[in-house]
>>> print(open('upload17.tsv').read())   # TSV, N, CA and C atoms
chain	number	residue	atom	x	y	z
I	1	MET	N	-6.41	-49.18	94.97
I	1	MET	CA	-6.22	-47.81	94.57
I	1	MET	C	-7.02	-47.56	93.28
I	2	GLU	N	-7.65	-46.42	93.23
I	2	GLU	CA	-8.49	-46.06	92.09
I	2	GLU	C	-7.62	-45.54	90.95
I	3	GLU	N	-8.02	-45.94	89.72
I	3	GLU	CA	-7.28	-45.48	88.56
I	3	GLU	C	-7.63	-44.05	88.21
I	4	PHE	N	-6.67	-43.32	87.68
I	4	PHE	CA	-6.85	-41.91	87.31
I	4	PHE	C	-6.89	-41.83	85.79
I	5	ASP	N	-8.01	-41.36	85.26
I	5	ASP	CA	-8.17	-41.17	83.82
I	5	ASP	C	-7.99	-39.69	83.53
I	6	VAL	N	-6.92	-39.36	82.81
I	6	VAL	CA	-6.58	-37.96	82.56
I	6	VAL	C	-7.70	-37.24	81.81
I	7	LEU	N	-8.26	-37.87	80.80
I	7	LEU	CA	-9.32	-37.22	80.02
I	7	LEU	C	-10.56	-36.99	80.86
I	8	LYS	N	-11.03	-38.04	81.50
I	8	LYS	CA	-12.29	-37.96	82.24
I	8	LYS	C	-12.16	-37.12	83.52
I	9	ASP	N	-11.06	-37.26	84.21
I	9	ASP	CA	-10.90	-36.60	85.51
I	9	ASP	C	-10.28	-35.21	85.44
I	10	LEU	N	-9.60	-34.89	84.35
I	10	LEU	CA	-8.91	-33.61	84.30
I	10	LEU	C	-9.32	-32.76	83.10
I	11	TYR	N	-9.22	-33.31	81.91
I	11	TYR	CA	-9.43	-32.51	80.70
I	11	TYR	C	-10.89	-32.15	80.48
I	12	PHE	N	-11.80	-33.11	80.54
I	12	PHE	CA	-13.22	-32.84	80.26
I	12	PHE	C	-13.85	-31.84	81.23
I	13	PRO	N	-13.59	-31.91	82.53
I	13	PRO	CA	-14.16	-30.88	83.43
I	13	PRO	C	-13.64	-29.47	83.11
I	14	ILE	N	-12.37	-29.35	82.75
I	14	ILE	CA	-11.83	-28.04	82.40
I	14	ILE	C	-12.46	-27.54	81.11
I	15	GLN	N	-12.65	-28.43	80.16
I	15	GLN	CA	-13.27	-28.05	78.89
I	15	GLN	C	-14.71	-27.57	79.11
I	16	GLU	N	-15.46	-28.24	79.96
I	16	GLU	CA	-16.84	-27.83	80.27
I	16	GLU	C	-16.86	-26.48	80.97
I	17	GLN	N	-15.92	-26.27	81.88
I	17	GLN	CA	-15.84	-25.00	82.59
I	17	GLN	C	-15.50	-23.86	81.64
I	18	GLU	N	-14.60	-24.07	80.72
I	18	GLU	CA	-14.26	-23.05	79.74
I	18	GLU	C	-15.45	-22.73	78.84
I	19	LYS	N	-16.21	-23.75	78.49
I	19	LYS	CA	-17.40	-23.56	77.66
I	19	LYS	C	-18.43	-22.70	78.40
I	20	LEU	N	-18.59	-22.96	79.70
I	20	LEU	CA	-19.53	-22.19	80.51
I	20	LEU	C	-19.09	-20.73	80.62
I	21	TYR	N	-17.81	-20.51	80.93
I	21	TYR	CA	-17.32	-19.15	81.13
I	21	TYR	C	-17.30	-18.32	79.85
I	22	SER	N	-17.27	-18.96	78.71
I	22	SER	CA	-17.27	-18.22	77.45
I	22	SER	C	-18.67	-18.11	76.84
I	23	SER	N	-19.69	-18.64	77.52
I	23	SER	CA	-21.06	-18.59	76.98
I	23	SER	C	-21.64	-17.19	77.10
I	24	ASN	N	-22.56	-16.88	76.23
I	24	ASN	CA	-23.22	-15.57	76.24
I	24	ASN	C	-24.03	-15.37	77.52
I	25	GLU	N	-24.65	-16.43	78.02
I	25	GLU	CA	-25.45	-16.33	79.23
I	25	GLU	C	-24.59	-15.91	80.42
I	26	TYR	N	-23.43	-16.55	80.56
I	26	TYR	CA	-22.54	-16.24	81.68
I	26	TYR	C	-22.03	-14.80	81.58
I	27	ARG	N	-21.63	-14.40	80.38
I	27	ARG	CA	-21.14	-13.03	80.19
I	27	ARG	C	-22.21	-12.00	80.50
I	28	LEU	N	-23.45	-12.27	80.09
I	28	LEU	CA	-24.55	-11.35	80.35
I	28	LEU	C	-24.80	-11.20	81.85
I	29	LEU	N	-24.79	-12.31	82.57
I	29	LEU	CA	-24.99	-12.26	84.01
I	29	LEU	C	-23.86	-11.49	84.69
I	30	LYS	N	-22.63	-11.76	84.33
I	30	LYS	CA	-21.49	-11.06	84.93
I	30	LYS	C	-21.53	-9.57	84.62
I	31	LYS	N	-21.89	-9.22	83.38
I	31	LYS	CA	-21.93	-7.81	82.97
I	31	LYS	C	-22.97	-7.04	83.78
I	32	ASN	N	-24.07	-7.69	84.14
I	32	ASN	CA	-25.15	-7.04	84.88
I	32	ASN	C	-25.08	-7.30	86.37
I	33	ASN	N	-23.93	-7.82	86.84
I	33	ASN	CA	-23.71	-8.07	88.27
I	33	ASN	C	-24.78	-8.94	88.89
I	34	ILE	N	-25.12	-10.03	88.20
I	34	ILE	CA	-26.11	-10.99	88.70
I	34	ILE	C	-25.35	-12.25	89.10
I	35	ASP	N	-25.78	-12.87	90.18
I	35	ASP	CA	-25.14	-14.07	90.70
I	35	ASP	C	-25.18	-15.19	89.66
I	36	THR	N	-24.04	-15.78	89.36
I	36	THR	CA	-23.94	-16.84	88.36
I	36	THR	C	-23.95	-18.24	88.98
I	37	ALA	N	-24.24	-18.35	90.25
I	37	ALA	CA	-24.17	-19.63	90.95
I	37	ALA	C	-25.10	-20.67	90.34
I	38	GLU	N	-26.32	-20.32	90.01
I	38	GLU	CA	-27.25	-21.29	89.44
I	38	GLU	C	-26.74	-21.81	88.11
I	39	LEU	N	-26.17	-20.96	87.31
I	39	LEU	CA	-25.63	-21.37	86.02
I	39	LEU	C	-24.44	-22.31	86.20
I	40	GLU	N	-23.68	-22.11	87.27
I	40	GLU	CA	-22.52	-22.94	87.55
I	40	GLU	C	-22.89	-24.23	88.29
I	41	GLY	N	-24.15	-24.37	88.67
I	41	GLY	CA	-24.58	-25.57	89.38
I	41	GLY	C	-24.35	-25.50	90.87
I	42	ILE	N	-24.22	-24.31	91.41
I	42	ILE	CA	-23.99	-24.10	92.84
I	42	ILE	C	-25.26	-23.51	93.44
I	43	ASP	N	-25.54	-23.83	94.70
I	43	ASP	CA	-26.69	-23.22	95.37
I	43	ASP	C	-26.47	-21.72	95.49
I	44	PRO	N	-27.41	-20.91	94.99
I	44	PRO	CA	-27.22	-19.46	95.05
I	44	PRO	C	-27.33	-18.92	96.47
I	45	ASP	N	-26.58	-17.89	96.74
I	45	ASP	CA	-26.62	-17.21	98.03
I	45	ASP	C	-27.75	-16.19	97.98
I	46	GLU	N	-28.62	-16.21	98.95
I	46	GLU	CA	-29.77	-15.30	98.95
I	46	GLU	C	-29.35	-13.84	99.08
I	47	ASN	N	-28.17	-13.57	99.60
I	47	ASN	CA	-27.71	-12.19	99.78
I	47	ASN	C	-26.82	-11.71	98.64
I	48	ALA	N	-26.57	-12.55	97.65
I	48	ALA	CA	-25.62	-12.20	96.59
I	48	ALA	C	-26.09	-10.99	95.80
I	49	GLU	N	-27.34	-10.94	95.43
I	49	GLU	CA	-27.83	-9.82	94.62
I	49	GLU	C	-27.71	-8.52	95.40
I	50	LYS	N	-28.03	-8.56	96.69
I	50	LYS	CA	-27.93	-7.37	97.53
I	50	LYS	C	-26.48	-6.89	97.59
I	51	LEU	N	-25.55	-7.82	97.69
I	51	LEU	CA	-24.14	-7.47	97.76
I	51	LEU	C	-23.69	-6.83	96.45
I	52	PHE	N	-24.08	-7.42	95.32
I	52	PHE	CA	-23.70	-6.86	94.03
I	52	PHE	C	-24.28	-5.47	93.85
I	53	LEU	N	-25.52	-5.27	94.27
I	53	LEU	CA	-26.13	-3.95	94.14
I	53	LEU	C	-25.42	-2.93	95.01
I	54	LYS	N	-25.03	-3.33	96.22
I	54	LYS	CA	-24.32	-2.42	97.12
I	54	LYS	C	-22.95	-2.05	96.54
I	55	ILE	N	-22.23	-3.02	96.02
I	55	ILE	CA	-20.92	-2.75	95.43
I	55	ILE	C	-21.08	-1.85	94.21
I	56	ASN	N	-22.05	-2.14	93.37
I	56	ASN	CA	-22.27	-1.34	92.17
I	56	ASN	C	-22.62	0.10	92.56
I	57	TYR	N	-23.46	0.29	93.56
I	57	TYR	CA	-23.84	1.61	94.04
I	57	TYR	C	-22.61	2.37	94.54
I	58	GLN	N	-21.76	1.69	95.31
I	58	GLN	CA	-20.56	2.33	95.85
I	58	GLN	C	-19.59	2.69	94.73
I	59	MET	N	-19.50	1.85	93.69
I	59	MET	CA	-18.62	2.16	92.57
I	59	MET	C	-19.10	3.39	91.82
I	60	LYS	N	-20.41	3.56	91.69
I	60	LYS	CA	-20.94	4.74	91.02
I	60	LYS	C	-20.63	6.00	91.81
I	61	ILE	N	-20.71	5.91	93.13
I	61	ILE	CA	-20.40	7.07	93.98
I	61	ILE	C	-18.93	7.46	93.81
I	62	ILE	N	-18.06	6.46	93.77
I	62	ILE	CA	-16.63	6.73	93.62
I	62	ILE	C	-16.35	7.37	92.26
I	63	ARG	N	-17.00	6.88	91.22
I	63	ARG	CA	-16.77	7.41	89.88
I	63	ARG	C	-17.22	8.87	89.75
I	64	TYR	N	-18.31	9.23	90.40
I	64	TYR	CA	-18.88	10.57	90.26
I	64	TYR	C	-18.28	11.60	91.22
I	65	SER	N	-17.54	11.14	92.23
I	65	SER	CA	-17.01	12.13	93.16
I	65	SER	C	-15.62	12.59	92.78
>>> encode(input="upload17.tsv", output="structure tokens")
Amino acid sequence: MEEFDVLKDLYFPIQEQEKLYSSNEYRLLKKNNIDTAELEGIDPDENAEKLFLKINYQMKIIRYS
């Protein structure tokens, strides 16, 4: 059975994730509705930008009507 290290397996990954989510780069991408997958180390979805633009466009229509 493999040993479980609380710091290495639990605390440090959460600390790194919190650092990423509070970074200026992440906030800027989220504010401008840009896919943050590359920053998070995930393969980006090729349709993500199109989806964000469509949602943003629909939100503007709702706000103005």
>>> atom_distance(input="upload17.tsv", atom1="atom CA of Tyr11 of chain I", atom2="atom CA of Asp43 of chain I")
24.5 Å
>>> atom_distance(input="upload17.tsv", atom1="atom CA of Gly41 of chain I", atom2="atom CA of Val6 of chain I")
22.9 Å
>>> closest_residue(input="upload17.tsv", among="I:Leu39, I:Ile34, I:Glu3, I:Lys8", to="Leu20 of chain I", atoms="all atoms listed in the file")
I:Leu39
>>> atom_distance(input="upload17.tsv", atom1="atom CA of Glu25 of chain I", atom2="atom N of Glu40 of chain I")
10.1 Å
